[in-house]
file final00.cif (mmCIF, C-alpha atoms, pLDDT in the B column; chains and numbers go by the auth columns)
data_upload
loop_
_atom_site.group_PDB
_atom_site.id
_atom_site.type_symbol
_atom_site.label_atom_id
_atom_site.label_comp_id
_atom_site.label_asym_id
_atom_site.label_seq_id
_atom_site.Cartn_x
_atom_site.Cartn_y
_atom_site.Cartn_z
_atom_site.B_iso_or_equiv
_atom_site.auth_seq_id
_atom_site.auth_asym_id
ATOM 1 C CA MET A 1 8.150 -8.204 0.077 59.00 236 D
ATOM 2 C CA ASP A 2 8.010 -7.791 3.794 68.00 237 D
ATOM 3 C CA THR A 3 7.645 -10.611 6.270 72.00 238 D
ATOM 4 C CA GLY A 4 5.228 -8.785 8.539 75.00 239 D
ATOM 5 C CA ILE A 5 1.761 -9.718 9.662 78.00 240 D
ATOM 6 C CA GLY A 6 0.129 -9.523 6.227 82.00 241 D
ATOM 7 C CA ILE A 7 -3.338 -8.205 5.459 81.00 242 D
ATOM 8 C CA GLU A 8 -6.623 -10.094 5.487 82.00 243 D
ATOM 9 C CA SER A 9 -8.029 -10.446 1.947 83.00 244 D
ATOM 10 C CA ASP A 10 -11.323 -8.772 2.926 82.00 245 D
ATOM 11 C CA LYS A 11 -9.374 -5.641 3.983 81.00 246 D
ATOM 12 C CA LEU A 12 -7.363 -5.197 0.771 83.00 247 D
ATOM 13 C CA ASP A 13 -9.992 -3.104 -1.029 83.00 248 D
ATOM 14 C CA GLN A 14 -10.153 -0.655 1.920 86.00 249 D
ATOM 15 C CA MET A 15 -6.436 -0.240 2.531 86.00 250 D
ATOM 16 C CA PHE A 16 -6.015 2.946 0.465 88.00 251 D
ATOM 17 C CA GLU A 17 -8.827 4.781 2.303 89.00 252 D
ATOM 18 C CA PRO A 18 -7.723 7.472 4.803 89.00 253 D
ATOM 19 C CA PHE A 19 -7.369 6.407 8.442 84.00 254 D
ATOM 20 C CA VAL A 20 -8.142 2.752 7.717 76.00 255 D
ATOM 21 C CA GLN A 21 -6.042 0.158 9.493 73.00 256 D
ATOM 22 C CA GLU A 22 -6.488 -3.580 9.500 65.00 257 D
ATOM 23 C CA GLU A 23 -6.799 -3.688 13.264 61.00 258 D
ATOM 24 C CA ALA A 24 -8.868 -0.808 14.628 58.00 259 D
ATOM 25 C CA THR A 25 -8.560 -1.610 18.342 57.00 260 D
ATOM 26 C CA THR A 26 -6.798 0.750 20.724 53.00 261 D
ATOM 27 C CA THR A 27 -4.583 -2.078 21.973 54.00 262 D
ATOM 28 C CA ARG A 28 -3.101 -2.976 18.572 56.00 263 D
ATOM 29 C CA GLU A 29 0.562 -3.896 18.413 63.00 264 D
ATOM 30 C CA TYR A 30 1.415 -1.702 15.405 63.00 265 D
ATOM 31 C CA GLY A 31 0.863 2.050 15.308 65.00 266 D
ATOM 32 C CA GLY A 32 0.424 4.597 12.562 74.00 267 D
ATOM 33 C CA SER A 33 -2.125 7.119 11.414 77.00 268 D
ATOM 34 C CA GLY A 34 -3.580 5.103 8.548 80.00 269 D
ATOM 35 C CA LEU A 35 -2.534 7.727 5.996 89.00 270 D
ATOM 36 C CA GLY A 36 0.650 6.271 4.490 88.00 271 D
ATOM 37 C CA LEU A 37 -0.920 4.101 1.803 90.00 272 D
ATOM 38 C CA THR A 38 -3.503 6.791 1.024 93.00 273 D
ATOM 39 C CA ILE A 39 -0.681 9.251 0.300 95.00 274 D
ATOM 40 C CA VAL A 40 1.231 6.704 -1.786 95.00 275 D
ATOM 41 C CA LYS A 41 -1.863 5.879 -3.860 95.00 276 D
ATOM 42 C CA SER A 42 -2.648 9.574 -4.400 96.00 277 D
ATOM 43 C CA LEU A 43 0.890 10.343 -5.600 96.00 278 D
ATOM 44 C CA VAL A 44 1.011 7.312 -7.887 97.00 279 D
ATOM 45 C CA ASP A 45 -2.402 8.218 -9.344 96.00 280 D
ATOM 46 C CA MET A 46 -1.269 11.818 -9.973 96.00 281 D
ATOM 47 C CA LEU A 47 1.731 10.476 -11.886 93.00 282 D
ATOM 48 C CA GLU A 48 -0.531 8.130 -13.882 95.00 283 D
ATOM 49 C CA GLY A 49 0.941 5.023 -12.300 97.00 284 D
ATOM 50 C CA ASP A 50 -0.513 1.907 -10.737 97.00 285 D
ATOM 51 C CA VAL A 51 -0.257 0.185 -7.348 95.00 286 D
ATOM 52 C CA GLN A 52 -0.770 -3.560 -7.052 94.00 287 D
ATOM 53 C CA VAL A 53 -0.957 -5.417 -3.744 92.00 288 D
ATOM 54 C CA ARG A 54 -0.517 -9.063 -2.878 90.00 289 D
ATOM 55 C CA SER A 55 -0.802 -10.139 0.731 89.00 290 D
ATOM 56 C CA GLN A 56 -1.124 -13.275 2.749 87.00 291 D
ATOM 57 C CA LYS A 57 -2.082 -13.097 6.402 86.00 292 D
ATOM 58 C CA GLY A 58 0.849 -14.197 8.554 83.00 293 D
ATOM 59 C CA LEU A 59 3.346 -14.149 5.666 87.00 294 D
ATOM 60 C CA GLY A 60 3.616 -10.538 4.518 88.00 295 D
ATOM 61 C CA THR A 61 2.652 -8.115 1.788 89.00 296 D
ATOM 62 C CA THR A 62 4.098 -7.135 -1.580 91.00 297 D
ATOM 63 C CA PHE A 63 3.406 -3.748 -3.168 92.00 298 D
ATOM 64 C CA VAL A 64 4.308 -3.227 -6.824 95.00 299 D
ATOM 65 C CA ILE A 65 4.294 0.358 -8.101 96.00 300 D
ATOM 66 C CA THR A 66 4.422 0.863 -11.855 96.00 301 D
ATOM 67 C CA MET A 67 5.157 4.316 -13.246 93.00 302 D
ATOM 68 C CA PRO A 68 5.062 5.423 -16.880 91.00 303 D
ATOM 69 C CA VAL A 69 8.275 6.790 -18.376 86.00 304 D
ATOM 70 C CA LYS A 70 7.709 9.385 -21.068 81.00 305 D
ATOM 71 C CA ASP A 71 11.366 10.099 -21.868 78.00 306 D
ATOM 72 C CA ARG A 72 13.348 6.910 -21.332 74.00 307 D
ATOM 73 C CA GLU A 73 16.684 8.516 -22.269 76.00 308 D
ATOM 74 C CA ARG A 74 16.392 11.115 -19.499 76.00 309 D
ATOM 75 C CA VAL A 75 15.719 8.406 -16.917 68.00 310 D
ATOM 76 C CA LEU A 76 18.762 6.360 -17.897 66.00 311 D
#
call {"tool": "encode", "arguments": {"input": "final00.cif", "output": "structure tokens"}}
result
Amino acid sequence: MDTGIGIESDKLDQMFEPFVQEEATTTREYGGSGLGLTIVKSLVDMLEGDVQVRSQKGLGTTFVITMPVKDRERVL
């Protein structure tokens, strides 16, 4: 979990869309292209995984990525 600014609950369903950022103003404090989470979600989907998000505005955000393991012995 980070201790950043968090994400408003009404923005959570949009956060994996390309170029979407919580604050769209040109004077925002935090930069970025708005592609990072889109790329993560695409890679996790390709690998048949899942991304879960929990966030609270002003407290931070937690991302949980779950990936299937087909050959457990090779991973260990």
call {"tool": "atom_distance", "arguments": {"input": "final00.cif", "atom1": "atom CA of Thr296 of chain D", "atom2": "atom CA of Glu283 of chain D"}}
result
22.8 Å
call {"tool": "atom_distance", "arguments": {"input": "final00.cif", "atom1": "atom CA of Asp280 of chain D", "atom2": "atom CA of Lys246 of chain D"}}
result
20.5 Å
call {"tool": "atom_distance", "arguments": {"input": "final00.cif", "atom1": "atom CA of Arg307 of chain D", "atom2": "atom CA of Val275 of chain D"}}
result
23.0 Å
call {"tool": "residues_around", "arguments": {"input": "final00.cif", "residues": "Lys292 of chain D", "least_positions_apart": "4", "cutoff": "12 Å", "atoms": "all atoms listed in the file", "output": "mmCIF file with C-alpha atoms, in the frame of the given file"}}
result
data_model
loop_
_atom_site.group_PDB
_atom_site.id
_atom_site.type_symbol
_atom_site.label_atom_id
_atom_site.label_comp_id
_atom_site.auth_asym_id
_atom_site.auth_seq_id
_atom_site.Cartn_x
_atom_site.Cartn_y
_atom_site.Cartn_z
ATOM 1 C CA ASP D 237 8.010 -7.791 3.794
ATOM 2 C CA THR D 238 7.645 -10.611 6.270
ATOM 3 C CA GLY D 239 5.228 -8.785 8.539
ATOM 4 C CA ILE D 240 1.761 -9.718 9.662
ATOM 5 C CA GLY D 241 0.129 -9.523 6.227
ATOM 6 C CA ILE D 242 -3.338 -8.205 5.459
ATOM 7 C CA GLU D 243 -6.623 -10.094 5.487
ATOM 8 C CA SER D 244 -8.029 -10.446 1.947
ATOM 9 C CA ASP D 245 -11.323 -8.772 2.926
ATOM 10 C CA LYS D 246 -9.374 -5.641 3.983
ATOM 11 C CA LEU D 247 -7.363 -5.197 0.771
ATOM 12 C CA GLU D 257 -6.488 -3.580 9.500
ATOM 13 C CA THR D 296 2.652 -8.115 1.788
ATOM 14 C CA THR D 297 4.098 -7.135 -1.580
#
call {"tool": "resolve_selection", "arguments": {"input": "final00.cif", "expression": "the PyMOL selection byres ((chain D and resi 298) around 9)", "output": "list in words"}}
result
Met236, Val286, Gln287, Val288, Arg289, Ser290, Thr296, Thr297, Val299 and Ile300 of chain D
call {"tool": "residues_around", "arguments": {"input": "final00.cif", "residues": "Asp285 of chain D", "least_positions_apart": "6", "cutoff": "7 Å", "atoms": "only C-alpha atoms", "output": "PDB file with C-alpha atoms, keeping the file's coordinate frame"}}
result
ATOM      1  CA  VAL D 279       1.011   7.312  -7.887  1.00 97.00           C
ATOM      2  CA  ILE D 300       4.294   0.358  -8.101  1.00 96.00           C
ATOM      3  CA  THR D 301       4.422   0.863 -11.855  1.00 96.00           C
ATOM      4  CA  MET D 302       5.157   4.316 -13.246  1.00 93.00           C
TER       5      MET D 302
END
call {"tool": "closest_residue", "arguments": {"input": "final00.cif", "among": "D:Val255, D:Leu294, D:Met250, D:Val304", "to": "Lys276 of chain D", "atoms": "all atoms listed in the file"}}
result
D:Met250
call {"tool": "resolve_selection", "arguments": {"input": "final00.cif", "expression": "the PyMOL selection byres ((chain D and resi 273) around 9)", "output": "ChimeraX atom specification"}}
result
/D:250-254,269-272,274-278
call {"tool": "axis_aligned_box", "arguments": {"input": "final00.cif", "around": "segment 277-294 of chain D", "padding_each_side": "4 Å", "output": "AutoDock Vina command-line options"}}
result
--center_x 0.3 --center_y -1.2 --center_z -2.7 --size_x 14.0 --size_y 34.0 --size_z 30.4
